[in-house]
Amino acid sequence: MKYKSMFLKLHVNIIIVLSIFLCNIENVFSQESTNTEMADSKNSELKIYRAVPTKYVDLKHVKLEASFNYSKSQLNGKAWLTMLPHLYATDSIVLDAKGMDIHALQLVTKKNNEDLQYTYDSLELHIKLPRFYSRKDTIKLYIHYTAKPNQYKGNGSKAITSAKGLYFINPLGTELNKPRQIWTQGETEGTSVWLPIVDKNNQKLTQEFILTYPEQFVSLSNGKLIKQNKKDGFKTDYWVMDMPHAPYLMFLGIGDFAIVKDNYKGKEVSYYIEKDYEPVARKIFGNTPEMIDFFSKRLAIEYPWNKYSQMVARDYVSGAMENTTAVLHQESAQQDARELKDANQWETVIAHELFHHWFGDLTTAESWSNLTVNESFADYSQLLWLEYKYGKDFAEFENFNSMRAYLSDPTAKEKDLVRFYYKNQEDMFDVVSYQKGGRILHMLRGILGDDAFFGGLTKYLNQNRFGTGNAHKLRLALEEVSGKDLNWYFNQWYFGSGHPDVKLDYKYLDNNTLKIFIEQKQKKLFILPLQIDIYSNNNKERFSINAKNKFDTFEFRCFGKPDLVNIDPEKTTLWTKKENKSWQEYIFQYQHALNYLDRREAVEVLAKNLSNKEVRDFMFEVFKKDTFHAIQALALKSLNGNYFDSAYLPNIISIAQNPKYYYTVRDLAVQIIAQQKSLKYLSLLKKLIDDSSYTISGAALQGVYLIDSVEGLKMAKSFMNQKIKKKLLSTTLNIIINTKDSTNLDFILNRFTNMNLDLEKFNLVAPIGNFLAAINGLDNMKKGVEALIVFKKSFPDSYRNQIEDYLNNLVFQPLIASKVKQNQTELVNYLEFIIKNP
């Protein structure tokens, strides 16, 4: 599932901004309270050992007949479950069944059905069998029930914001511009909200789903659609999944979708998407067949399932979910043609969910404690795809961003990758299981080499095919292929927490000796297999070392002082570091080390030395000539400050107009042109407003407004009735907000509320607060506050307190101060009530 980052993956920039803001407010977090909170949390987690679920029975098959009551948001179900006792004879069975009405529960026999005694506490069905059944006896149960998901109250997580399992979206059709849909979310234990089952991830079973629903819609489920009947305004679809998978991967989805079909080696590959996006469906999902082929070859295991479908849902509670053969994506996946001009922002999510069909679906984590063998691999697949499709720079950029996501979370370093102690299984869906785990795999690949690493993955999957996996099984497979003992690696990275924090230093002695000093500053020491590149006399030599002590010193023969010492030249090590190099060495590093992070490190350090003209000239050359957008943007951003030279402008103007350059670089170029506040650039900026990219159009509109506010406002108003997104929308809203005209409030709040949750939306919160401070009226204030509360609720529960603090300090408290000055007591009382009753 994709945070399912997705939440953190998509919104890591929001979390970084939020963390920085809150850390600067003394009355929000103090170091003392943070430490106390973390200690209390850890003590609480240590109370319960989270074991692999005990298997009393082995599920084999489920048949479900389901129809849907849209007016009540309920599922009417008849389910037949087939199972065997796992080992010990039993005369009872416990099924997970959350918040249901049970109408009948029977044992199916050859002659007839026999009513069974049971007790039900609204969470579990405790069923009494008529006798003891051995492991050779097949047990078949029939359950007639009604699922009532809206009456079940389950807690979500950072990754999955709700846990009610079955979701009716706009069921009565009363919400304008929102389709009617039904979809399910099984992970972690949501399937048992709509299907009585043993809802544990170490169960594997096949299924038949027979779904009856209004004929104007289409359905999607796991496996293949075998047949379809139509009668009296309804369709009945018969879906069969004939390969075993875990209960949390079961899925049903219903709605008014266009179905766009591709294929992979004769297997159906299909995209269920809202009809407005049908023309661009292949631009969003069209790489899927190539991804399937690439991953099949990379893992030396052909895609194991009989189809691959993807559906995009409204109001989805996570980023995306790897339901076997029936992936569900949130609506952010639906990008129009102008959004796709910049980049397909959903491409790595598509790769992530597909890779789960090996790591997660084919071989499933035996418990949530071992979530890493699902999610760390899916996270790492994003790098693998980018490396294959777009090259090393894109892969290393992904690696850097994922490292940054982990390192920016102050609580992450306290958590083991494999965790047997936690409050709730939902807590496992975090930057440790995802981004840190992916980096741990990347380091291991570097240590073992591709043949041993991928060969070990192939063995692990084959040994646990249609079964369960864990970190120990993974280690044993990698050891068998590589011939190397990997206990040390798994002990420190899988069953340990934190990361190295090192100081690196070098000293060249007159006797042609180079000394390298490595100090580990953290408490727990790591074994660090490292490579070192030494550049000297126009040559590069690579050496391998092992750092494992608090202080390590390594000596090398070196004839002449080195031009550069580059430790960890492939930049795979997950650590924080400080090292002492001159700016001349960093220029040499940029010119010769060449990896993305080598170049990035050099540019970041050189940006602090721009008072030197040689450095400035070099940075301008980097901006002009580097072939990767992130380095170009970093160099240009550093130049756009106290040392900006108007001689740079001709190149900047050229890049701003050239669609061959990456949109982030062009965006920055347009911003710099606008910052000159010169009328001679007005016509250029007005022309760029018509650019096919929302990003460039928005930057140009902001530029026009900066130079000529009257013209900028006029152009912004021209977009008020147009379907626009991303930066063009946020810029338009910011300009309209600046009018302080209360008649625009409904427009502002409507567009703000309907934006996808991204940094553009997040950055509108403060301007909306300023707008509310400038206008009058309790009704207006209530509208604005309600919109901000809806915004707050779009975050997972685990971030709710942070968002409340953010809104209180950035919006509500300044609003109160403003209204106190204006003597608007009624508004002050209302705002104080909101803060006290969030």
# chains A, B, ... in the order shown; residues from 1 in each chain; ligands from 1
>>> residues_around(residues="range 54-66 of chain A", least_positions_apart="2", cutoff="6 Å", atoms="only C-alpha atoms", output="PyMOL selection string")
chain A and resi 76-86+205-211
>>> write_last_selection(atoms="C-alpha atoms", output="PDB file, in the first residue's frame")
ATOM      1  CA  ASN A  76     -26.673  -7.554   2.064  1.00  0.00           C
ATOM      2  CA  GLY A  77     -24.564 -10.688   1.967  1.00  0.00           C
ATOM      3  CA  LYS A  78     -24.676 -14.440   1.843  1.00  0.00           C
ATOM      4  CA  ALA A  79     -21.299 -16.051   2.387  1.00  0.00           C
ATOM      5  CA  TRP A  80     -20.093 -19.651   2.235  1.00  0.00           C
ATOM      6  CA  LEU A  81     -16.712 -20.234   3.922  1.00  0.00           C
ATOM      7  CA  THR A  82     -14.749 -23.437   3.457  1.00  0.00           C
ATOM      8  CA  MET A  83     -11.954 -24.296   5.923  1.00  0.00           C
ATOM      9  CA  LEU A  84      -9.982 -27.029   7.682  1.00  0.00           C
ATOM     10  CA  PRO A  85      -8.659 -27.161  11.239  1.00  0.00           C
ATOM     11  CA  HIS A  86      -4.994 -26.189  11.038  1.00  0.00           C
ATOM     12  CA  LEU A 205      -7.814 -18.543   0.179  1.00  0.00           C
ATOM     13  CA  THR A 206      -9.563 -18.428  -3.187  1.00  0.00           C
ATOM     14  CA  GLN A 207     -12.870 -16.668  -3.792  1.00  0.00           C
ATOM     15  CA  GLU A 208     -16.055 -16.240  -5.837  1.00  0.00           C
ATOM     16  CA  PHE A 209     -17.840 -12.902  -5.647  1.00  0.00           C
ATOM     17  CA  ILE A 210     -21.304 -12.581  -7.158  1.00  0.00           C
ATOM     18  CA  LEU A 211     -22.191  -8.883  -7.134  1.00  0.00           C
TER      19      LEU A 211
END
>>> residues_around(residues="range 471-484 of chain A", least_positions_apart="3", cutoff="10 Å", atoms="only C-alpha atoms", output="MDAnalysis selection string")
chainID A and resid 365:366 369:373 417:418 444 448:449 451:464 468 487 489:490 494:495
>>> closest_residue(among="A:Gly438, A:Asn734, A:Ile534, A:Ser367", to="Arg50 in chain A", atoms="only C-alpha atoms")
A:Ser367
>>> residues_around(residues="Lys521 in chain A", least_positions_apart="5", cutoff="12 Å", atoms="only C-alpha atoms", output="ChimeraX atom specification")
/A:499-504,526,548-552,575-578
>>> atom_distance(atom1="CA of Gln185 in chain A", atom2="CA of Ala320 in chain A")
9.7 Å
>>> atom_distance(atom1="CA of Ala351 in chain A", atom2="CA of Val198 in chain A")
29.6 Å
>>> closest_residue(among="A:Trp488, A:Lys717, A:Val765, A:Lys540", to="Leu525 in chain A", atoms="only C-alpha atoms")
A:Trp488
>>> residues_around(residues="range 231-233 of chain A", least_positions_apart="2", cutoff="7 Å", atoms="only C-alpha atoms", output="list in words")
Pro214, Glu215, Asn229 and Lys235 of chain A
>>> residues_around(residues="Glu347 in chain A", least_positions_apart="3", cutoff="12 Å", atoms="only C-alpha atoms", output="ChimeraX atom specification")
/A:2,10,282-288,291,320,329,332-335,340,343-344,350-354,381-383,385-386,389-390
>>> write_last_selection(atoms="N, CA, C and O atoms", output="compact mmCIF listing (two decimals), in the first residue's frame")
# COMPACT_ATOMS: atom_id res chain seq x y z
N LYS A 2 0.41 2.26 -0.67
CA LYS A 2 1.25 3.43 -0.89
C LYS A 2 0.72 4.62 -0.11
O LYS A 2 -0.30 5.15 -0.39
N LEU A 10 3.49 11.28 -0.71
CA LEU A 10 2.95 12.41 -1.46
C LEU A 10 3.08 13.72 -0.70
O LEU A 10 3.28 14.77 -1.27
N ARG A 282 -4.43 6.28 -20.87
CA ARG A 282 -3.16 5.61 -21.21
C ARG A 282 -1.96 6.50 -20.91
O ARG A 282 -0.86 5.99 -20.68
N LYS A 283 -2.15 7.82 -20.90
CA LYS A 283 -1.04 8.69 -20.52
C LYS A 283 -0.75 8.56 -19.02
O LYS A 283 0.38 8.77 -18.58
N ILE A 284 -1.78 8.22 -18.25
CA ILE A 284 -1.59 8.02 -16.81
C ILE A 284 -1.07 6.61 -16.52
O ILE A 284 -0.06 6.44 -15.82
N PHE A 285 -1.73 5.61 -17.07
CA PHE A 285 -1.46 4.22 -16.71
C PHE A 285 -0.75 3.42 -17.80
O PHE A 285 -0.46 2.25 -17.61
N GLY A 286 -0.49 4.05 -18.93
CA GLY A 286 -0.05 3.30 -20.10
C GLY A 286 1.28 2.59 -19.99
O GLY A 286 1.59 1.70 -20.80
N ASN A 287 2.10 2.96 -19.00
CA ASN A 287 3.37 2.24 -18.80
C ASN A 287 3.19 0.91 -18.08
O ASN A 287 4.16 0.17 -17.91
N THR A 288 1.98 0.60 -17.66
CA THR A 288 1.76 -0.59 -16.84
C THR A 288 2.24 -1.88 -17.52
O THR A 288 2.96 -2.67 -16.88
N MET A 291 5.91 -2.02 -17.24
CA MET A 291 6.30 -2.27 -15.85
C MET A 291 6.19 -3.75 -15.51
O MET A 291 7.09 -4.32 -14.86
N ALA A 320 -2.99 4.44 -2.38
CA ALA A 320 -3.36 3.39 -3.31
C ALA A 320 -3.25 2.07 -2.56
O ALA A 320 -2.62 1.98 -1.52
N HIS A 329 -6.71 3.31 -6.59
CA HIS A 329 -5.94 4.54 -6.46
C HIS A 329 -6.85 5.67 -5.98
O HIS A 329 -8.05 5.71 -6.31
N SER A 332 -6.21 11.57 -6.91
CA SER A 332 -5.05 12.33 -7.39
C SER A 332 -4.42 11.67 -8.61
O SER A 332 -3.71 12.33 -9.37
N ALA A 333 -4.67 10.39 -8.80
CA ALA A 333 -4.14 9.70 -9.98
C ALA A 333 -4.73 10.28 -11.26
O ALA A 333 -4.09 10.25 -12.32
N GLN A 334 -5.95 10.81 -11.17
CA GLN A 334 -6.62 11.36 -12.35
C GLN A 334 -6.08 12.76 -12.63
O GLN A 334 -6.42 13.72 -11.96
N GLN A 335 -5.22 12.84 -13.62
CA GLN A 335 -4.58 14.09 -14.01
C GLN A 335 -5.01 14.44 -15.43
O GLN A 335 -5.04 13.56 -16.30
N LEU A 340 -0.40 16.52 -16.94
CA LEU A 340 0.54 15.52 -17.45
C LEU A 340 1.64 16.13 -18.31
O LEU A 340 2.65 15.48 -18.57
N ALA A 343 4.57 16.32 -15.57
CA ALA A 343 5.05 14.97 -15.29
C ALA A 343 3.87 14.16 -14.79
O ALA A 343 2.90 14.72 -14.25
N ASN A 344 3.93 12.85 -14.98
CA ASN A 344 2.92 11.98 -14.40
C ASN A 344 3.28 11.77 -12.93
O ASN A 344 4.15 10.97 -12.59
N ILE A 350 2.04 3.82 -9.27
CA ILE A 350 1.62 2.71 -10.12
C ILE A 350 2.64 1.57 -10.02
O ILE A 350 2.28 0.39 -9.88
N ALA A 351 3.92 1.92 -10.07
CA ALA A 351 4.97 0.91 -9.93
C ALA A 351 4.92 0.25 -8.56
O ALA A 351 5.06 -0.98 -8.44
N HIS A 352 4.73 1.05 -7.53
CA HIS A 352 4.68 0.56 -6.15
C HIS A 352 3.61 -0.52 -5.98
O HIS A 352 3.87 -1.61 -5.45
N GLU A 353 2.39 -0.23 -6.42
CA GLU A 353 1.29 -1.18 -6.25
C GLU A 353 1.48 -2.43 -7.10
O GLU A 353 1.13 -3.54 -6.67
N LEU A 354 2.04 -2.27 -8.27
CA LEU A 354 2.30 -3.43 -9.12
C LEU A 354 3.33 -4.36 -8.46
O LEU A 354 3.15 -5.59 -8.44
N SER A 381 10.74 -0.50 -5.25
CA SER A 381 10.40 -0.70 -6.67
C SER A 381 10.33 0.62 -7.42
O SER A 381 10.55 0.66 -8.64
N GLN A 382 10.01 1.70 -6.71
CA GLN A 382 9.94 3.01 -7.35
C GLN A 382 11.31 3.39 -7.91
O GLN A 382 11.41 3.88 -9.05
N LEU A 383 12.35 3.15 -7.14
CA LEU A 383 13.71 3.42 -7.60
C LEU A 383 14.06 2.49 -8.77
O LEU A 383 14.65 2.94 -9.77
N TRP A 385 12.14 1.11 -10.99
CA TRP A 385 11.48 1.52 -12.23
C TRP A 385 12.12 2.77 -12.82
O TRP A 385 12.37 2.84 -14.02
N LEU A 386 12.37 3.75 -11.99
CA LEU A 386 12.97 5.00 -12.47
C LEU A 386 14.36 4.74 -13.05
O LEU A 386 14.75 5.32 -14.07
N LYS A 389 13.73 3.03 -16.47
CA LYS A 389 13.01 3.79 -17.48
C LYS A 389 13.69 5.12 -17.80
O LYS A 389 13.72 5.55 -18.96
N TYR A 390 14.22 5.80 -16.79
CA TYR A 390 14.69 7.17 -16.99
C TYR A 390 16.16 7.39 -16.65
O TYR A 390 16.69 8.46 -16.91
>>> atom_distance(atom1="CA of His245 in chain A", atom2="CA of Leu220 in chain A")
16.7 Å
>>> residues_around(residues="Asn113 in chain A", least_positions_apart="3", cutoff="12 Å", atoms="only C-alpha atoms", output="PyMOL selection string")
chain A and resi 80+104-110+116+140-143
>>> write_last_selection(atoms="C-alpha atoms", output="mmCIF file, in the first residue's frame")
data_model
loop_
_atom_site.group_PDB
_atom_site.id
_atom_site.type_symbol
_atom_site.label_atom_id
_atom_site.label_comp_id
_atom_site.auth_asym_id
_atom_site.auth_seq_id
_atom_site.Cartn_x
_atom_site.Cartn_y
_atom_site.Cartn_z
ATOM 1 C CA TRP A 80 -20.093 -19.651 2.235
ATOM 2 C CA ALA A 104 -28.518 -16.923 9.863
ATOM 3 C CA LEU A 105 -25.439 -19.038 10.583
ATOM 4 C CA GLN A 106 -25.409 -22.670 9.485
ATOM 5 C CA LEU A 107 -23.169 -25.656 8.940
ATOM 6 C CA VAL A 108 -23.401 -26.865 5.336
ATOM 7 C CA THR A 109 -23.631 -30.646 5.067
ATOM 8 C CA LYS A 110 -24.281 -33.024 2.206
ATOM 9 C CA LEU A 116 -25.328 -23.451 14.699
ATOM 10 C CA LYS A 140 -18.275 -25.284 5.386
ATOM 11 C CA LEU A 141 -20.248 -22.457 6.957
ATOM 12 C CA TYR A 142 -23.134 -20.419 5.550
ATOM 13 C CA ILE A 143 -23.735 -16.922 6.914
#
>>> closest_residue(among="A:Phe517, A:Gly712, A:Arg599, A:Ser402", to="Leu574 in chain A", atoms="only C-alpha atoms")
A:Ser402
>>> closest_residue(among="A:Asp342, A:Ile735, A:Met781, A:Thr364", to="Asp667 in chain A", atoms="only C-alpha atoms")
A:Asp342
>>> closest_residue(among="A:Lys687, A:Arg465, A:Lys164, A:Lys436", to="Thr184 in chain A", atoms="only C-alpha atoms")
A:Lys164
>>> closest_residue(among="A:Phe554, A:Tyr380, A:Phe68, A:Trp194", to="Phe234 in chain A", atoms="only C-alpha atoms")
A:Phe68
>>> closest_atom_pairs(of="range 326-407 of chain A", to="range 170-183 of chain A", cutoff="12 Å", atoms="only C-alpha atoms", output="JSON lines")
{"residue": "A:Ala326", "atom": "CA", "partner": "A:Trp183", "partner_atom": "CA", "distance": 11.0}
{"residue": "A:Val327", "atom": "CA", "partner": "A:Trp183", "partner_atom": "CA", "distance": 11.0}
{"residue": "A:Leu328", "atom": "CA", "partner": "A:Trp183", "partner_atom": "CA", "distance": 8.5}
{"residue": "A:His329", "atom": "CA", "partner": "A:Trp183", "partner_atom": "CA", "distance": 10.8}
{"residue": "A:Gln330", "atom": "CA", "partner": "A:Trp183", "partner_atom": "CA", "distance": 11.2}
{"residue": "A:Glu331", "atom": "CA", "partner": "A:Lys178", "partner_atom": "CA", "distance": 11.3}
>>> residues_around(residues="range 118-134 of chain A", least_positions_apart="6", cutoff="9 Å", atoms="only C-alpha atoms", output="list in words")
Leu84, Pro85, His86, Leu87, Tyr88, Ala89, Thr90, Asp91, Ser92, Ile93, Val94, Leu95, Asp96, Ala97, Lys98, Gly99, Met100, Asp101, Ile102, Leu105, Leu107, Ser192, Val193 and Pro196 of chain A
>>> write_last_selection(atoms="C-alpha atoms", output="PDB file, in the first residue's frame")
ATOM      1  CA  LEU A  84      -9.982 -27.029   7.682  1.00  0.00           C
ATOM      2  CA  PRO A  85      -8.659 -27.161  11.239  1.00  0.00           C
ATOM      3  CA  HIS A  86      -4.994 -26.189  11.038  1.00  0.00           C
ATOM      4  CA  LEU A  87      -3.622 -29.001  13.229  1.00  0.00           C
ATOM      5  CA  TYR A  88      -5.580 -29.603  16.398  1.00  0.00           C
ATOM      6  CA  ALA A  89      -9.124 -30.945  16.407  1.00  0.00           C
ATOM      7  CA  THR A  90     -11.671 -28.265  17.256  1.00  0.00           C
ATOM      8  CA  ASP A  91     -15.342 -27.909  18.054  1.00  0.00           C
ATOM      9  CA  SER A  92     -15.451 -24.126  17.688  1.00  0.00           C
ATOM     10  CA  ILE A  93     -14.503 -21.376  15.257  1.00  0.00           C
ATOM     11  CA  VAL A  94     -13.973 -17.653  15.709  1.00  0.00           C
ATOM     12  CA  LEU A  95     -14.628 -15.320  12.760  1.00  0.00           C
ATOM     13  CA  ASP A  96     -13.984 -11.587  12.533  1.00  0.00           C
ATOM     14  CA  ALA A  97     -17.249  -9.782  11.740  1.00  0.00           C
ATOM     15  CA  LYS A  98     -17.382  -6.118  12.656  1.00  0.00           C
ATOM     16  CA  GLY A  99     -20.642  -4.250  13.193  1.00  0.00           C
ATOM     17  CA  MET A 100     -22.943  -6.623  11.306  1.00  0.00           C
ATOM     18  CA  ASP A 101     -26.452  -7.957  11.677  1.00  0.00           C
ATOM     19  CA  ILE A 102     -26.336 -11.780  11.548  1.00  0.00           C
ATOM     20  CA  LEU A 105     -25.439 -19.038  10.583  1.00  0.00           C
ATOM     21  CA  LEU A 107     -23.169 -25.656   8.940  1.00  0.00           C
ATOM     22  CA  SER A 192     -14.239  -8.216   8.128  1.00  0.00           C
ATOM     23  CA  VAL A 193     -16.418  -5.097   8.169  1.00  0.00           C
ATOM     24  CA  PRO A 196     -17.289 -12.502   7.998  1.00  0.00           C
TER      25      PRO A 196
END
>>> select_by_dssp(residues="range 650-796 of chain A", states="helix (DSSP H, G or I)", output="PyMOL selection string")
chain A and resi 650-657+663-675+679-688+694-707+709-718+726-737+742-754+759-762+765-774+778-793
>>> write_last_selection(atoms="C-alpha atoms", output="mmCIF file, in the first residue's frame")
data_model
loop_
_atom_site.group_PDB
_atom_site.id
_atom_site.type_symbol
_atom_site.label_atom_id
_atom_site.label_comp_id
_atom_site.auth_asym_id
_atom_site.auth_seq_id
_atom_site.Cartn_x
_atom_site.Cartn_y
_atom_site.Cartn_z
ATOM 1 C CA PRO A 650 19.322 35.958 -21.216
ATOM 2 C CA ASN A 651 19.862 32.273 -20.381
ATOM 3 C CA ILE A 652 17.091 32.335 -17.792
ATOM 4 C CA ILE A 653 14.650 33.887 -20.275
ATOM 5 C CA SER A 654 15.587 31.316 -22.889
ATOM 6 C CA ILE A 655 14.977 28.425 -20.487
ATOM 7 C CA ALA A 656 11.667 29.885 -19.273
ATOM 8 C CA GLN A 657 10.330 29.739 -22.834
ATOM 9 C CA TYR A 663 8.891 22.229 -15.530
ATOM 10 C CA THR A 664 10.490 22.864 -12.103
ATOM 11 C CA VAL A 665 13.472 24.599 -13.766
ATOM 12 C CA ARG A 666 11.214 26.652 -16.033
ATOM 13 C CA ASP A 667 9.036 27.559 -13.040
ATOM 14 C CA LEU A 668 12.030 28.925 -11.171
ATOM 15 C CA ALA A 669 13.210 30.803 -14.273
ATOM 16 C CA VAL A 670 9.790 32.475 -14.649
ATOM 17 C CA GLN A 671 9.813 33.465 -10.977
ATOM 18 C CA ILE A 672 13.234 35.096 -11.351
ATOM 19 C CA ILE A 673 12.098 37.038 -14.420
ATOM 20 C CA ALA A 674 9.077 38.278 -12.452
ATOM 21 C CA GLN A 675 11.241 39.303 -9.512
ATOM 22 C CA LEU A 679 7.672 46.287 -17.473
ATOM 23 C CA LYS A 680 9.876 45.095 -20.325
ATOM 24 C CA TYR A 681 9.146 41.495 -19.259
ATOM 25 C CA LEU A 682 5.379 41.956 -18.973
ATOM 26 C CA SER A 683 4.566 40.831 -22.520
ATOM 27 C CA LEU A 684 6.742 37.734 -22.111
ATOM 28 C CA LEU A 685 4.991 36.781 -18.890
ATOM 29 C CA LYS A 686 1.538 37.353 -20.414
ATOM 30 C CA LYS A 687 2.523 35.062 -23.261
ATOM 31 C CA LEU A 688 3.682 32.379 -20.803
ATOM 32 C CA TYR A 694 -0.317 24.702 -15.208
ATOM 33 C CA THR A 695 2.928 25.315 -13.341
ATOM 34 C CA ILE A 696 4.390 27.716 -15.886
ATOM 35 C CA SER A 697 1.040 29.409 -16.434
ATOM 36 C CA GLY A 698 0.648 29.959 -12.689
ATOM 37 C CA ALA A 699 4.176 31.298 -12.275
ATOM 38 C CA ALA A 700 3.644 33.692 -15.185
ATOM 39 C CA LEU A 701 0.313 34.910 -13.770
ATOM 40 C CA GLN A 702 2.015 35.604 -10.450
ATOM 41 C CA GLY A 703 4.698 37.510 -12.368
ATOM 42 C CA VAL A 704 2.184 39.669 -14.194
ATOM 43 C CA TYR A 705 0.478 40.462 -10.872
ATOM 44 C CA LEU A 706 3.833 41.349 -9.307
ATOM 45 C CA ILE A 707 4.652 43.815 -12.109
ATOM 46 C CA SER A 709 -1.379 44.234 -10.101
ATOM 47 C CA VAL A 710 -4.354 45.629 -12.034
ATOM 48 C CA GLU A 711 -3.575 43.548 -15.117
ATOM 49 C CA GLY A 712 -2.748 40.535 -12.958
ATOM 50 C CA LEU A 713 -6.075 40.741 -11.131
ATOM 51 C CA LYS A 714 -7.933 41.106 -14.419
ATOM 52 C CA MET A 715 -6.268 37.969 -15.778
ATOM 53 C CA ALA A 716 -6.848 36.059 -12.535
ATOM 54 C CA LYS A 717 -10.567 36.876 -12.700
ATOM 55 C CA SER A 718 -10.661 35.470 -16.223
ATOM 56 C CA LYS A 726 -2.273 23.052 -9.546
ATOM 57 C CA LYS A 727 -0.192 26.231 -9.517
ATOM 58 C CA LEU A 728 -2.468 28.136 -11.868
ATOM 59 C CA LEU A 729 -5.359 27.578 -9.468
ATOM 60 C CA SER A 730 -3.381 28.402 -6.306
ATOM 61 C CA THR A 731 -1.989 31.564 -7.905
ATOM 62 C CA THR A 732 -5.467 32.632 -9.035
ATOM 63 C CA LEU A 733 -6.795 32.054 -5.526
ATOM 64 C CA ASN A 734 -3.948 33.996 -3.926
ATOM 65 C CA ILE A 735 -4.602 36.986 -6.189
ATOM 66 C CA ILE A 736 -8.355 36.901 -5.537
ATOM 67 C CA ILE A 737 -7.679 36.533 -1.797
ATOM 68 C CA SER A 742 -15.950 39.243 0.781
ATOM 69 C CA THR A 743 -18.096 38.609 -2.315
ATOM 70 C CA ASN A 744 -15.331 36.238 -3.489
ATOM 71 C CA LEU A 745 -15.447 34.128 -0.312
ATOM 72 C CA ASP A 746 -17.634 31.335 -1.701
ATOM 73 C CA PHE A 747 -15.470 31.030 -4.805
ATOM 74 C CA ILE A 748 -12.278 30.881 -2.735
ATOM 75 C CA LEU A 749 -13.570 28.318 -0.264
ATOM 76 C CA ASN A 750 -15.193 26.119 -2.903
ATOM 77 C CA ARG A 751 -12.037 25.893 -4.998
ATOM 78 C CA PHE A 752 -9.863 25.440 -1.907
ATOM 79 C CA THR A 753 -12.029 22.619 -0.554
ATOM 80 C CA ASN A 754 -12.033 20.734 -3.856
ATOM 81 C CA LEU A 759 1.704 21.712 -1.000
ATOM 82 C CA GLU A 760 -0.202 24.177 -3.193
ATOM 83 C CA LYS A 761 -3.301 23.715 -1.031
ATOM 84 C CA PHE A 762 -1.335 23.709 2.214
ATOM 85 C CA VAL A 765 -4.103 28.193 4.563
ATOM 86 C CA ALA A 766 -2.324 31.321 5.828
ATOM 87 C CA PRO A 767 -3.668 33.592 3.031
ATOM 88 C CA ILE A 768 -7.204 32.365 3.744
ATOM 89 C CA GLY A 769 -6.647 33.244 7.404
ATOM 90 C CA ASN A 770 -5.566 36.758 6.385
ATOM 91 C CA PHE A 771 -8.623 37.039 4.138
ATOM 92 C CA LEU A 772 -10.945 36.118 7.016
ATOM 93 C CA ALA A 773 -9.231 38.691 9.212
ATOM 94 C CA ALA A 774 -9.982 41.402 6.660
ATOM 95 C CA LEU A 778 -20.221 35.829 11.602
ATOM 96 C CA ASP A 779 -21.662 33.832 8.689
ATOM 97 C CA ASN A 780 -18.570 34.538 6.599
ATOM 98 C CA MET A 781 -16.318 33.535 9.481
ATOM 99 C CA LYS A 782 -18.218 30.280 10.006
ATOM 100 C CA LYS A 783 -17.900 29.409 6.318
ATOM 101 C CA GLY A 784 -14.165 29.996 6.414
ATOM 102 C CA VAL A 785 -13.604 28.082 9.630
ATOM 103 C CA GLU A 786 -15.723 25.152 8.389
ATOM 104 C CA ALA A 787 -13.570 24.957 5.243
ATOM 105 C CA LEU A 788 -10.416 24.870 7.375
ATOM 106 C CA ILE A 789 -11.922 22.142 9.568
ATOM 107 C CA VAL A 790 -12.645 20.071 6.443
ATOM 108 C CA PHE A 791 -9.011 20.661 5.447
ATOM 109 C CA LYS A 792 -7.872 19.472 8.876
ATOM 110 C CA LYS A 793 -9.970 16.313 8.590
#
>>> select_by_dssp(residues="range 573-729 of chain A", states="strand (DSSP E or B)", output="PyMOL selection string")
chain A and resi 576-579
